[in-house]
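Asker: This is the structure, below, for whatever I ask next.
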Amino acid sequence: MPTLEAAEKVTGATRYVGDLLVPNMAHAKVLRSPLPHARVLSIDAAEARAAPGVVCVLTRDEVRAAGIEPVYGFVYRDAPLVALDKVRYQGDIVAVVVAEDAAAAEAAAELIEVDYEELPAVMDVEAALADGAPLVHESFSPIAPELRPIEGTNVCHRAHIARGDVEAGFREAYRVYEDTFTAPPVQHCALDLHACIASIEDGAITVWTNCQSPFPLQRELQRIFKMDARVIVPYVGGGFGSKSRDRLECVVTAAAQLAGRPVRLVLTQEETFQTFIRPAYHGTIKTGVRADGTIVARHVRFTIDVGGYAISGARSANNTLKVATGPYRIPNVLVECDAVYTNKPPSAPYRGLPTTQHTMAYETQLDRIARDLGIDPVELRMRNLVVDGDVHITGDLLRSTHAKECLEAAAAGIDWGTPSTPPETPSKLRGKGVSCTIKYTLTPPTRMSENGAAISLGEDGIFEVRIGTVNIGQGSDTTMAQFAADGLGVGLERIRVVHSDTALVPVDSSTTASRSTYHMGNAVLDAASKLTAETLAVASHLLERDAGDLALGPDGVEAPDGPTLAYDELVRRSGGPLSALGECVVGGTYTAPDGTEYPIASTFWSFASAAAEVEVDTDTGEVRVLRMGAASNVGKAVNPDSVRTQLEGGLGMELGPTLFERLVWDEGGQLLTAALMDYPLPTMETSPTYRPEIVEHPFEGGPFGAKGMGEIGSVITPAAVLNAVYDATGVMFHEVPLLPHKVLEALEAL
Amino acid sequence: MRPFEYLRPTTLAEATDVLAEHGDDALVIAGGTAAVVMMTLGVLRPGTVVDVGRVPELGGSRADGGVLRLGALTTIRSIERDPAIAQTYGLLAEAASQVANVRVRNRATVGGSVCYGEPQTDMPPALIAMGASATLVSSSSTRTVPLADFFEGPYETALEPGELLSEITVPQPEPGSEPGAGTGGCHMKFTIGSPENKPVANASVLVRLDGAGRCVEARIVLGALGPVPVVAVDAAALLDGEVPDAKLIAEVASRAGDAADPADDLRGPVWYKRRIARVLVERALRCALRKAGHEVP
Ligand SMILES: Cc1cc2nc3c(=O)[nH]c(=O)nc-3n(C[C@H](O)[C@H](O)[C@H](O)COP(=O)(O)OP(=O)(O)OC[C@H]3O[C@@H](n4cnc5c(N)ncnc54)[C@H](O)[C@@H]3O)c2cc1C
């Protein structure tokens with residue numbers, strides 16, 4: 001079914017943060033560092049303050065004078081509201097100018113004089129890890145307990161995970177393969193640019209933002225400003241991870257506090273490149289196999305370039321340790337990672353990053369192994385894919401896997417096994433490739449509920465569902481309305497969804513990591529069942545019937561033989577709205593039917609496969625993706641249309657970073673791909689035809705058996721394309737994007 | 001974007017007067033598709049914006065007396081769609097159809113597409129291949145400059161401060177003089193990703209054949225391969241009087257690649273751009289020959 005808000009969106013009626021107006025609002029522009037790494041010696045904003053229309057200028061001096069906490073960050077508290085002692089990347093925020101309009105603020109920002117002492121910069125991980133490399137941060141400030149910085153280096157997190165004995169595994173292997181893969185940073189390029197309005201009234205903060213984590217942001221605002229805070233997130237026009245954590249909100253609130261009136265900041269497209277990016281990835285994978293293709297050992301070492309601030313990126317690296325060896329049954333595994341500070345913009349998740357890059361590494365290498373051993377790539381995977389009952393690297397017992405069925409369905413989508421139809425000229429080559437993956441969701445270390453959902457029945461006879469899930473285009477309001485309607489046994493027309501306003505909805509940790517359908521869905525079902533019981537109890541009293549004889553019907557509570565008590569009447573007669581709070585408890589351990597206990601490193605594991613057919617032009621090196629198949633085991637497709645389009649969207653978006661998207665800095669740390677003019681994005685013209693398939697095997701514990709799949713389409717794309725190019729040309733690429741000149745170079749080196 | 005004064009003259013005289021008065025500080029905008037982007041990025045920071053979109057003398061297009069006259073405000077979209085242009089000036093229509101996307105083509109003007117002076121654009125090579133000239137007017141003078149001499153560097157043209165481009169004239173290609181002979185033109189580009197991205201290279205080729213399939217005239221112009229469009233004179237000369245075959249086409253393409261003067265940038269290294277120049281010229285030349293009635297196997 002179409003999402004509930006579809007008509008409103010396509011007619012342009014939806015209001016995003018950038019469309020909102022608040023009375024007496026002033027406008028902000030940011031002054032950014034021109035240098036990638038420098039000490040800030042002095043800032044003179046006197047002339048800017050005196051410029052026409054200027055309300056105030058926020059620099060480190062004002063932050064210090066205000067007595068607020070000057071540094072923020074969710075997993076690492078290392079990002080200053082505005083530069084304090086140093087700037088750490090080109091584009092780092094130095095000052096915020098607030099004026100009557102954005103143009104006046106922009107003009108005044110140019111009048112600020114900043115004296116910098118330039119410091120040597122480390123523009124990539126290699127440079128940052130070199131002996132004696134300049135330090136981006138002189139000290140570390142991790143917040144998330146699992147983060148392990150290495151003092152005196154740029155490594156802000158080092159970790160590993162292991163099972164079995166990887167060295168012994170390699171010794172028993174028939175052959176061992178080692179490959180190194182790299183992927184450069186890219187940006188999410190959501191249509192809805194980062195935007196925020198902050199207002200302080202009567203000693204309380206209100207922030208309107210398109211951030212995906214309203215509740216963590218609320219806590220951060222309360223900590224920094226020592227006041228109550230409310231965060232309102234209207235519809236968000238895409239984020240893909242670029243808005244997963246707060247970034248501008250505390251800065252704009254500090255500006256609003258100084259201005260004494262509401263302040264609005266909307267970034268330009270170019271500024272988003274300096275706000276959050278997908279980090280650079282570098283990974284070496286070593287795999288040992290038996291002659292029949294059985295994988296016996298795998299060792300993965302990877303680095304993530306977190307940029308100048310580890311506010312988010314350090315954790316992505318850690319989270320993906322557990323999926324870096326893939327959806328395979330491997331007795332001996334070792335994964336090691338370093339998350340490293342550099343003088344690039346801070347990094348954020350990007351539709352499953354860096355699971356995407358791990359998948360690229362292990363799946364591309366697997367095709368090399370397949371070719372070397374003379375085994376069909378699909379067959380080789382079939383021999384190694386996990387099945388229900390296997391134990392993962394984390395010790396988790398895998399359930400509702402069906403990875404093989406996903407692979408079969410994806411491969412069928414491009415007629416795997418039949419050769420490609422010949423291209424129109426012999427200078428073009430065609431080929432096919434597949435990929436498989438496993439993905440986790442964010443999971444607490446101990447058993448707890450990280451989100452609630454409330455449902456109330458009001459005097460209008462409508463069930464209002466209140467959820468913290470941010471509607472970011474994924475169709476969450478619709479899915480949650482479906483859960484509520486089914487759970488209550490009423491029609492969708494009886495449901496109204498209120499989302500992501502910290503003053504109106506119960507706490508939720510975040511809308512990230514494919515978690516909402518499972519977690520919020522369960523909370524909604526829990527609330528629905530509690531509210532059903534409460535409603536029936538009230539009706540039983542009013543109707544003087546046994547609650548067990550009553551049921552919720554489309555328009556009211558029904559008794560088998562008697563009249564229907566309309567919902568609005570029920571609420572009026574009961575003296576006020578009824579409501580219930582649901583939750584979703586996750587984490588802890590899982591007890592199998594045989595009584596064995598297993599850890600839960602991920603509440604559910606998602607499995608998916610992609611298949612791609614490509615055409616390579618050997619004259620130009622151009623790679624075109626002709627068609628793609630994909631399948632994911634989603635447990636239960638609550639809204640099949642949303643599942644398919646979400647899969648398709650992931651595949652199509654990731655074709656950009658696979659084929660041509662990348663951010664490039666020059667040696668001086670200046671971003672060269674600074675505007676969309678020099679940063680190509682996928683469009684309809686670069687889109688293949690898609691065959692997204694749904695695999696459904698209910699997951700015990702999921703709402704109606706559902707589990708998450710939000711990010712998985714993206715994750716499986718690069719490997720499928722690289723493998724198809726390998727099939728077409730015999731060249732195995734170890735990096736993306738597949739820029740035509742690099743393809744041509746490789747073809748000619750054959 | 002910095003605040004600016006916005007003027008919208010309604011006659012050519014008024015427009016040139018306003019430009020004479022504001023000199024260097026004024027920026028002309030026509031369709032605004034390039035100018036507004038440059039202003040948003042802060043690359044252009046005019047004090048005064050002179051919107052010439054309502055100047056009637058700059059509008060309209062007509063073909064008469066063997067010449068096509070394109071008013072500066074003629075949109076790229078109308079060049080693409082005009083059946084008369086497609087019939088006689090097919091190369092122009094073909095290049096126009098490859099500019100950006102339909103939204104940009106609906107607004108972008110032919111005057112803007114040449115005055116922009118961007119080395120990667122499609123219209124300049126096609127117009128140069130067709131032998132077009134630009135009429136430049138100021139409050140005190142009018143002059144005509146062949147487009148082959150109009151471009152001076154990236155974003156630099158022969159336009160002087162105070163000057164407007166009023167019209168582009170394109171001579172009608174001579175039809176072949178003998179039965180069965182004809183003229184063929186082709187424009188091709190190679191872009192990474194979507195067609196509206198800046199191309200690695202583009203190429204316009206125009207050929208005229210006699211009744212025996214001999215080439216009596218050939219023009220090859222390359223875009224995005226130097227600071228200004230590259231007219232590959234030596235490469236085209238190889239075709240003089242010849243009946244082109246596969247070997248000759250390859251030679252011409254290779255010579256054209258040598259004429260290119262590309263820079264290493266985000267769209268590829270120098271060797272690659274030369275290679276693409278060769279591929280495009282080879283493909284475009286074959287296509288132009290086919291249109292002129294000579295299919296080379
Ligand atoms: C998304 C996008 C994709 C694009 N892709 C392509 C492409 O694939 N191929 C391609 O060729 N081009 C492409 N372009 C560039 C496009 O061709 C130009 O933007 C367009 O032709 C400019 O025309 P305009 O009328 O909008 O000019 P404007 O933006 O109004 O002006 C451009 C420049 O010309 C000057 N100017 C305009 N008219 C006159 C005049 N009559 N006299 C004197 N000076 C004048 C202006 O001062 C300004 O410097 C693309 C542009 C965009 C935005």
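Residue numbering restarts at 1 for every chain of the structure tokens, chains are lettered A, B, ... in their displayed order, and ligands are numbered from 1 as they appear.
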Fewer than 5 positions away in the same chain doesn't count, so skip those; otherwise give me all residues within 7 Å of range 123-135 of chain B, counting only C-alpha atoms, as JSON, numbers by chain.
Answerer: {"B": [91, 92, 95, 96, 113, 114, 143, 144, 145, 146, 147, 148, 165, 166, 167, 168, 169, 170, 171, 203, 204, 205, 206, 219, 220, 221, 222, 223, 229]}
Asker: Store the residues picked out above, limited to N, CA, C and O atoms, as a JSON list (two decimals), in the first residue's frame.
Answerer:
[["chain", "number", "residue", "atom", "x", "y", "z"],
["B", 91, "LEU", "N", 23.14, 19.13, -36.89],
["B", 91, "LEU", "CA", 24.19, 19.03, -35.88],
["B", 91, "LEU", "C", 23.85, 19.89, -34.65],
["B", 91, "LEU", "O", 24.09, 19.49, -33.52],
["B", 92, "LEU", "N", 23.28, 21.09, -34.92],
["B", 92, "LEU", "CA", 22.91, 21.97, -33.81],
["B", 92, "LEU", "C", 21.82, 21.34, -32.95],
["B", 92, "LEU", "O", 21.88, 21.37, -31.72],
["B", 95, "ALA", "N", 23.30, 18.56, -30.89],
["B", 95, "ALA", "CA", 24.07, 19.03, -29.72],
["B", 95, "ALA", "C", 23.11, 19.56, -28.66],
["B", 95, "ALA", "O", 23.26, 19.29, -27.47],
["B", 96, "ALA", "N", 22.10, 20.32, -29.11],
["B", 96, "ALA", "CA", 21.15, 20.90, -28.16],
["B", 96, "ALA", "C", 20.46, 19.80, -27.37],
["B", 96, "ALA", "O", 20.25, 19.93, -26.16],
["B", 113, "SER", "N", 24.69, 29.95, -23.40],
["B", 113, "SER", "CA", 25.52, 28.75, -23.51],
["B", 113, "SER", "C", 26.88, 29.07, -24.13],
["B", 113, "SER", "O", 27.84, 28.36, -23.87],
["B", 114, "VAL", "N", 26.97, 30.13, -24.93],
["B", 114, "VAL", "CA", 28.30, 30.48, -25.44],
["B", 114, "VAL", "C", 28.99, 31.53, -24.56],
["B", 114, "VAL", "O", 30.19, 31.45, -24.31],
["B", 143, "ARG", "N", 29.63, 44.54, -33.48],
["B", 143, "ARG", "CA", 30.67, 43.83, -34.22],
["B", 143, "ARG", "C", 30.30, 42.36, -34.32],
["B", 143, "ARG", "O", 29.47, 41.85, -33.56],
["B", 144, "THR", "N", 30.94, 41.71, -35.28],
["B", 144, "THR", "CA", 30.66, 40.29, -35.49],
["B", 144, "THR", "C", 31.96, 39.51, -35.28],
["B", 144, "THR", "O", 33.00, 39.90, -35.82],
["B", 145, "VAL", "N", 31.88, 38.48, -34.50],
["B", 145, "VAL", "CA", 33.07, 37.66, -34.22],
["B", 145, "VAL", "C", 32.76, 36.20, -34.56],
["B", 145, "VAL", "O", 31.75, 35.67, -34.09],
["B", 146, "PRO", "N", 33.60, 35.58, -35.39],
["B", 146, "PRO", "CA", 33.39, 34.14, -35.63],
["B", 146, "PRO", "C", 33.51, 33.39, -34.31],
["B", 146, "PRO", "O", 34.40, 33.71, -33.51],
["B", 147, "LEU", "N", 32.66, 32.42, -34.08],
["B", 147, "LEU", "CA", 32.72, 31.72, -32.80],
["B", 147, "LEU", "C", 34.05, 31.01, -32.60],
["B", 147, "LEU", "O", 34.49, 30.80, -31.48],
["B", 148, "ALA", "N", 34.70, 30.66, -33.72],
["B", 148, "ALA", "CA", 36.00, 30.02, -33.62],
["B", 148, "ALA", "C", 37.00, 30.93, -32.92],
["B", 148, "ALA", "O", 38.00, 30.46, -32.37],
["B", 165, "LEU", "N", 25.74, 39.82, -26.23],
["B", 165, "LEU", "CA", 25.62, 39.03, -27.46],
["B", 165, "LEU", "C", 24.16, 39.14, -27.87],
["B", 165, "LEU", "O", 23.26, 38.86, -27.07],
["B", 166, "SER", "N", 23.93, 39.60, -29.11],
["B", 166, "SER", "CA", 22.54, 39.78, -29.50],
["B", 166, "SER", "C", 22.03, 38.64, -30.37],
["B", 166, "SER", "O", 20.86, 38.29, -30.34],
["B", 167, "GLU", "N", 22.93, 38.05, -31.14],
["B", 167, "GLU", "CA", 22.46, 37.07, -32.12],
["B", 167, "GLU", "C", 23.60, 36.14, -32.52],
["B", 167, "GLU", "O", 24.76, 36.54, -32.53],
["B", 168, "ILE", "N", 23.23, 34.94, -32.87],
["B", 168, "ILE", "CA", 24.20, 34.01, -33.45],
["B", 168, "ILE", "C", 23.73, 33.66, -34.85],
["B", 168, "ILE", "O", 22.55, 33.35, -35.04],
["B", 169, "THR", "N", 24.63, 33.79, -35.82],
["B", 169, "THR", "CA", 24.25, 33.45, -37.19],
["B", 169, "THR", "C", 25.00, 32.21, -37.63],
["B", 169, "THR", "O", 26.18, 32.06, -37.35],
["B", 170, "VAL", "N", 24.26, 31.34, -38.31],
["B", 170, "VAL", "CA", 24.86, 30.08, -38.75],
["B", 170, "VAL", "C", 24.60, 29.93, -40.24],
["B", 170, "VAL", "O", 23.45, 29.89, -40.67],
["B", 171, "PRO", "N", 25.69, 29.87, -41.03],
["B", 171, "PRO", "CA", 25.47, 29.68, -42.47],
["B", 171, "PRO", "C", 24.93, 28.28, -42.75],
["B", 171, "PRO", "O", 25.32, 27.33, -42.08],
["B", 203, "ALA", "N", 32.49, 15.93, -28.86],
["B", 203, "ALA", "CA", 33.02, 16.14, -30.21],
["B", 203, "ALA", "C", 31.88, 16.41, -31.17],
["B", 203, "ALA", "O", 30.85, 15.73, -31.14],
["B", 204, "SER", "N", 32.09, 17.43, -32.02],
["B", 204, "SER", "CA", 31.16, 17.71, -33.10],
["B", 204, "SER", "C", 31.88, 17.46, -34.42],
["B", 204, "SER", "O", 32.99, 17.95, -34.63],
["B", 205, "VAL", "N", 31.23, 16.71, -35.29],
["B", 205, "VAL", "CA", 31.83, 16.42, -36.59],
["B", 205, "VAL", "C", 30.83, 16.77, -37.68],
["B", 205, "VAL", "O", 29.64, 16.44, -37.58],
["B", 206, "LEU", "N", 31.31, 17.45, -38.72],
["B", 206, "LEU", "CA", 30.47, 17.78, -39.87],
["B", 206, "LEU", "C", 31.22, 17.36, -41.12],
["B", 206, "LEU", "O", 32.40, 17.71, -41.28],
["B", 219, "ARG", "N", 34.82, 19.07, -40.75],
["B", 219, "ARG", "CA", 35.20, 19.87, -39.58],
["B", 219, "ARG", "C", 35.05, 19.02, -38.34],
["B", 219, "ARG", "O", 34.05, 18.32, -38.16],
["B", 220, "ILE", "N", 36.05, 19.09, -37.50],
["B", 220, "ILE", "CA", 36.04, 18.32, -36.25],
["B", 220, "ILE", "C", 36.36, 19.29, -35.12],
["B", 220, "ILE", "O", 37.40, 19.95, -35.14],
["B", 221, "VAL", "N", 35.46, 19.42, -34.17],
["B", 221, "VAL", "CA", 35.70, 20.33, -33.05],
["B", 221, "VAL", "C", 35.47, 19.57, -31.75],
["B", 221, "VAL", "O", 34.47, 18.87, -31.59],
["B", 222, "LEU", "N", 36.43, 19.70, -30.85],
["B", 222, "LEU", "CA", 36.38, 18.98, -29.59],
["B", 222, "LEU", "C", 36.09, 19.92, -28.43],
["B", 222, "LEU", "O", 36.60, 21.03, -28.38],
["B", 223, "GLY", "N", 35.29, 19.43, -27.49],
["B", 223, "GLY", "CA", 35.01, 20.22, -26.28],
["B", 223, "GLY", "C", 35.55, 19.51, -25.05],
["B", 223, "GLY", "O", 35.77, 18.30, -25.07],
["B", 229, "PRO", "N", 37.31, 25.40, -27.02],
["B", 229, "PRO", "CA", 37.07, 24.30, -27.97],
["B", 229, "PRO", "C", 38.27, 24.14, -28.91],
["B", 229, "PRO", "O", 38.87, 25.12, -29.34]]
Asker: May I ask you to write as an MDAnalysis selection string all residues lying at most 6 Å from ligand 1, with only C-alpha atoms and all ligand atoms counted?
Answerer: chainID B and resid 27:35 72 99:100 107:109 111:113 115:116 121:123 164:166 196:197
Asker: Deliver the residues from the most recent selection as a file, using N, CA and C atoms, as a PDB file, in the first residue's frame.
Answerer:
ATOM      1  N   LEU B  27      26.337  41.912 -13.998  1.00  0.00           N
ATOM      2  CA  LEU B  27      26.315  40.569 -14.568  1.00  0.00           C
ATOM      3  C   LEU B  27      25.021  40.413 -15.354  1.00  0.00           C
ATOM      4  N   VAL B  28      25.186  40.033 -16.628  1.00  0.00           N
ATOM      5  CA  VAL B  28      24.013  39.754 -17.460  1.00  0.00           C
ATOM      6  C   VAL B  28      23.482  38.377 -17.074  1.00  0.00           C
ATOM      7  N   ILE B  29      22.166  38.271 -16.934  1.00  0.00           N
ATOM      8  CA  ILE B  29      21.632  36.910 -16.906  1.00  0.00           C
ATOM      9  C   ILE B  29      20.538  36.768 -17.955  1.00  0.00           C
ATOM     10  N   ALA B  30      20.525  35.591 -18.556  1.00  0.00           N
ATOM     11  CA  ALA B  30      19.503  35.272 -19.563  1.00  0.00           C
ATOM     12  C   ALA B  30      18.623  34.176 -18.955  1.00  0.00           C
ATOM     13  N   GLY B  31      18.959  32.901 -19.203  1.00  0.00           N
ATOM     14  CA  GLY B  31      18.209  31.817 -18.557  1.00  0.00           C
ATOM     15  C   GLY B  31      18.555  31.684 -17.090  1.00  0.00           C
ATOM     16  N   GLY B  32      19.743  32.116 -16.745  1.00  0.00           N
ATOM     17  CA  GLY B  32      20.173  32.079 -15.344  1.00  0.00           C
ATOM     18  C   GLY B  32      20.651  30.711 -14.875  1.00  0.00           C
ATOM     19  N   THR B  33      20.645  29.719 -15.744  1.00  0.00           N
ATOM     20  CA  THR B  33      20.986  28.360 -15.274  1.00  0.00           C
ATOM     21  C   THR B  33      22.439  28.247 -14.850  1.00  0.00           C
ATOM     22  N   ALA B  34      23.309  28.993 -15.489  1.00  0.00           N
ATOM     23  CA  ALA B  34      24.716  28.979 -15.076  1.00  0.00           C
ATOM     24  C   ALA B  34      24.975  30.122 -14.096  1.00  0.00           C
ATOM     25  N   ALA B  35      24.481  31.310 -14.443  1.00  0.00           N
ATOM     26  CA  ALA B  35      24.803  32.494 -13.647  1.00  0.00           C
ATOM     27  C   ALA B  35      24.332  32.347 -12.202  1.00  0.00           C
ATOM     28  N   ALA B  72      19.720  35.772 -29.193  1.00  0.00           N
ATOM     29  CA  ALA B  72      20.467  35.280 -28.027  1.00  0.00           C
ATOM     30  C   ALA B  72      19.576  34.525 -27.050  1.00  0.00           C
ATOM     31  N   VAL B  99      22.311  18.696 -24.199  1.00  0.00           N
ATOM     32  CA  VAL B  99      22.633  19.619 -23.115  1.00  0.00           C
ATOM     33  C   VAL B  99      21.825  19.226 -21.871  1.00  0.00           C
ATOM     34  N   ALA B 100      22.531  18.974 -20.795  1.00  0.00           N
ATOM     35  CA  ALA B 100      21.933  18.805 -19.462  1.00  0.00           C
ATOM     36  C   ALA B 100      20.709  17.906 -19.471  1.00  0.00           C
ATOM     37  N   ARG B 107      15.174  26.400 -19.981  1.00  0.00           N
ATOM     38  CA  ARG B 107      15.516  27.751 -19.534  1.00  0.00           C
ATOM     39  C   ARG B 107      16.782  28.286 -20.190  1.00  0.00           C
ATOM     40  N   ALA B 108      17.738  27.399 -20.407  1.00  0.00           N
ATOM     41  CA  ALA B 108      19.041  27.858 -20.901  1.00  0.00           C
ATOM     42  C   ALA B 108      18.894  28.432 -22.301  1.00  0.00           C
ATOM     43  N   THR B 109      19.640  29.505 -22.571  1.00  0.00           N
ATOM     44  CA  THR B 109      19.579  30.159 -23.879  1.00  0.00           C
ATOM     45  C   THR B 109      20.852  29.890 -24.658  1.00  0.00           C
ATOM     46  N   GLY B 111      22.525  32.132 -26.246  1.00  0.00           N
ATOM     47  CA  GLY B 111      23.474  33.203 -25.898  1.00  0.00           C
ATOM     48  C   GLY B 111      24.217  32.858 -24.624  1.00  0.00           C
ATOM     49  N   GLY B 112      23.466  32.419 -23.634  1.00  0.00           N
ATOM     50  CA  GLY B 112      24.087  32.040 -22.363  1.00  0.00           C
ATOM     51  C   GLY B 112      25.038  30.876 -22.537  1.00  0.00           C
ATOM     52  N   SER B 113      24.690  29.955 -23.397  1.00  0.00           N
ATOM     53  CA  SER B 113      25.522  28.755 -23.515  1.00  0.00           C
ATOM     54  C   SER B 113      26.881  29.074 -24.131  1.00  0.00           C
ATOM     55  N   CYS B 115      28.217  32.508 -24.039  1.00  0.00           N
ATOM     56  CA  CYS B 115      28.845  33.549 -23.206  1.00  0.00           C
ATOM     57  C   CYS B 115      29.357  32.991 -21.884  1.00  0.00           C
ATOM     58  N   TYR B 116      28.792  31.882 -21.441  1.00  0.00           N
ATOM     59  CA  TYR B 116      29.247  31.194 -20.233  1.00  0.00           C
ATOM     60  C   TYR B 116      30.748  30.851 -20.384  1.00  0.00           C
ATOM     61  N   THR B 121      30.927  22.641 -22.321  1.00  0.00           N
ATOM     62  CA  THR B 121      29.562  22.694 -22.849  1.00  0.00           C
ATOM     63  C   THR B 121      29.469  22.153 -24.278  1.00  0.00           C
ATOM     64  N   ASP B 122      28.246  21.865 -24.694  1.00  0.00           N
ATOM     65  CA  ASP B 122      28.012  21.191 -25.971  1.00  0.00           C
ATOM     66  C   ASP B 122      27.813  22.123 -27.162  1.00  0.00           C
ATOM     67  N   MET B 123      27.180  23.276 -26.927  1.00  0.00           N
ATOM     68  CA  MET B 123      26.835  24.111 -28.078  1.00  0.00           C
ATOM     69  C   MET B 123      28.059  24.708 -28.783  1.00  0.00           C
ATOM     70  N   LEU B 164      26.871  43.000 -25.123  1.00  0.00           N
ATOM     71  CA  LEU B 164      25.881  41.928 -25.075  1.00  0.00           C
ATOM     72  C   LEU B 164      26.006  41.105 -26.345  1.00  0.00           C
ATOM     73  N   LEU B 165      25.742  39.821 -26.235  1.00  0.00           N
ATOM     74  CA  LEU B 165      25.623  39.028 -27.456  1.00  0.00           C
ATOM     75  C   LEU B 165      24.155  39.138 -27.875  1.00  0.00           C
ATOM     76  N   SER B 166      23.934  39.597 -29.105  1.00  0.00           N
ATOM     77  CA  SER B 166      22.538  39.781 -29.500  1.00  0.00           C
ATOM     78  C   SER B 166      22.034  38.641 -30.373  1.00  0.00           C
ATOM     79  N   GLU B 196      23.834  14.698 -17.544  1.00  0.00           N
ATOM     80  CA  GLU B 196      23.945  16.131 -17.236  1.00  0.00           C
ATOM     81  C   GLU B 196      25.216  16.478 -16.467  1.00  0.00           C
ATOM     82  N   ASN B 197      26.023  15.483 -16.153  1.00  0.00           N
ATOM     83  CA  ASN B 197      27.296  15.802 -15.517  1.00  0.00           C
ATOM     84  C   ASN B 197      28.243  16.405 -16.538  1.00  0.00           C
TER      85      ASN B 197
END
Asker: Using only C-alpha atoms, can you tell me which of B:Gly193, B:Ala20, B:Pro173, B:Leu73 comes closest to Val623 in chain A?
Answerer: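 Of B:Gly193, B:Ala20, B:Pro173, B:Leu73, the one nearest Val623 in chain A, counting only C-alpha atoms, is B:Gly193.
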Asker: Enumerate as a ChimeraX atom specification all residues of range 223-285 of chain B assigned to alpha helix (DSSP H) by DSSP on the backbone, naming them with the chain letters and numbers the document uses.
Answerer: /B:233-237,246-259,270-285
Asker: Which polymer residues have any atom within 12 Å of an atom of Ser78 in chain B, counting only C-alpha atoms, with same-chain residues fewer than 6 positions away left out, as a PDB file with C-alpha atoms, in the first residue's frame?
Answerer:
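Contents of out-v3.pdb, freshly written:
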ATOM      1  CA  GLY B  59      14.468  36.897 -28.969  1.00  0.00           C
ATOM      2  CA  GLY B  60      13.259  35.018 -32.005  1.00  0.00           C
ATOM      3  CA  SER B  61      14.962  32.850 -34.539  1.00  0.00           C
ATOM      4  CA  ARG B  62      14.563  32.545 -38.298  1.00  0.00           C
ATOM      5  CA  LEU B  70      19.299  32.667 -33.526  1.00  0.00           C
ATOM      6  CA  GLY B  71      18.362  35.475 -31.185  1.00  0.00           C
ATOM      7  CA  ALA B  84      13.381  23.445 -39.611  1.00  0.00           C
ATOM      8  CA  ILE B  85      16.608  23.446 -37.619  1.00  0.00           C
ATOM      9  CA  ALA B  86      16.622  19.650 -37.410  1.00  0.00           C
ATOM     10  CA  LEU B  92      22.906  21.973 -33.813  1.00  0.00           C
ATOM     11  CA  ALA B  93      19.701  20.188 -32.908  1.00  0.00           C
ATOM     12  CA  GLU B  94      21.677  17.108 -31.971  1.00  0.00           C
ATOM     13  CA  ALA B  96      21.153  20.902 -28.164  1.00  0.00           C
ATOM     14  CA  SER B  97      19.405  17.637 -27.344  1.00  0.00           C
ATOM     15  CA  VAL B 102      15.010  18.974 -20.134  1.00  0.00           C
ATOM     16  CA  ARG B 105      17.208  23.082 -21.694  1.00  0.00           C
ATOM     17  CA  ASN B 106      13.856  24.783 -21.206  1.00  0.00           C
ATOM     18  CA  ARG B 107      15.516  27.751 -19.534  1.00  0.00           C
ATOM     19  CA  ALA B 108      19.041  27.858 -20.901  1.00  0.00           C
ATOM     20  CA  THR B 109      19.579  30.159 -23.879  1.00  0.00           C
ATOM     21  CA  VAL B 110      21.942  29.828 -26.783  1.00  0.00           C
TER      22      VAL B 110
END
Asker: Find the residues of chain B in contact range of chain A, meaning any atom within 7 Å when counting only C-alpha atoms, and list them as an MDAnalysis selection string.
Answerer: chainID B and resid 1:3 192:194 197 268 272 276 279
Asker: Which residues come within 7 Å of range 81-91 of chain A, counting only C-alpha atoms, excluding same-chain residues fewer than 4 positions away, as number ranges by chain?
Answerer: A: 32-40, 59-60, 70-72, 95, 136, 250-251, 274, 308, 343-345, 669-670
Asker: Which neighbours of range 385-395 of chain A fall inside 6 Å, counting only C-alpha atoms, when residues of the same chain fewer than 2 positions from it are skipped, and could you give them as a list in words?
Answerer: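 Result of the neighbour search: Arg163, Pro327, Tyr328, Arg329, Arg381, Met382, Leu397, Leu398, Arg399 and Thr401 of chain A.
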Asker: Could you name the residues that touch Gly117 in chain B at 6 Å or less, counting only C-alpha atoms, but leaving out those on the same chain fewer than 4 positions away, as a count of residues only?
Answerer: 3
Asker: Identify, with DSSP run on backbone atoms, the residues in range 666-722 of chain A assigned to strand (DSSP E or B), and express the list as a list in words.
Answerer: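 For range 666-722 of chain A, the strand (DSSP E or B) set is Leu671, Thr689, Tyr690, Arg691, Pro692, Glu693, Ile694 and Val695 of chain A.
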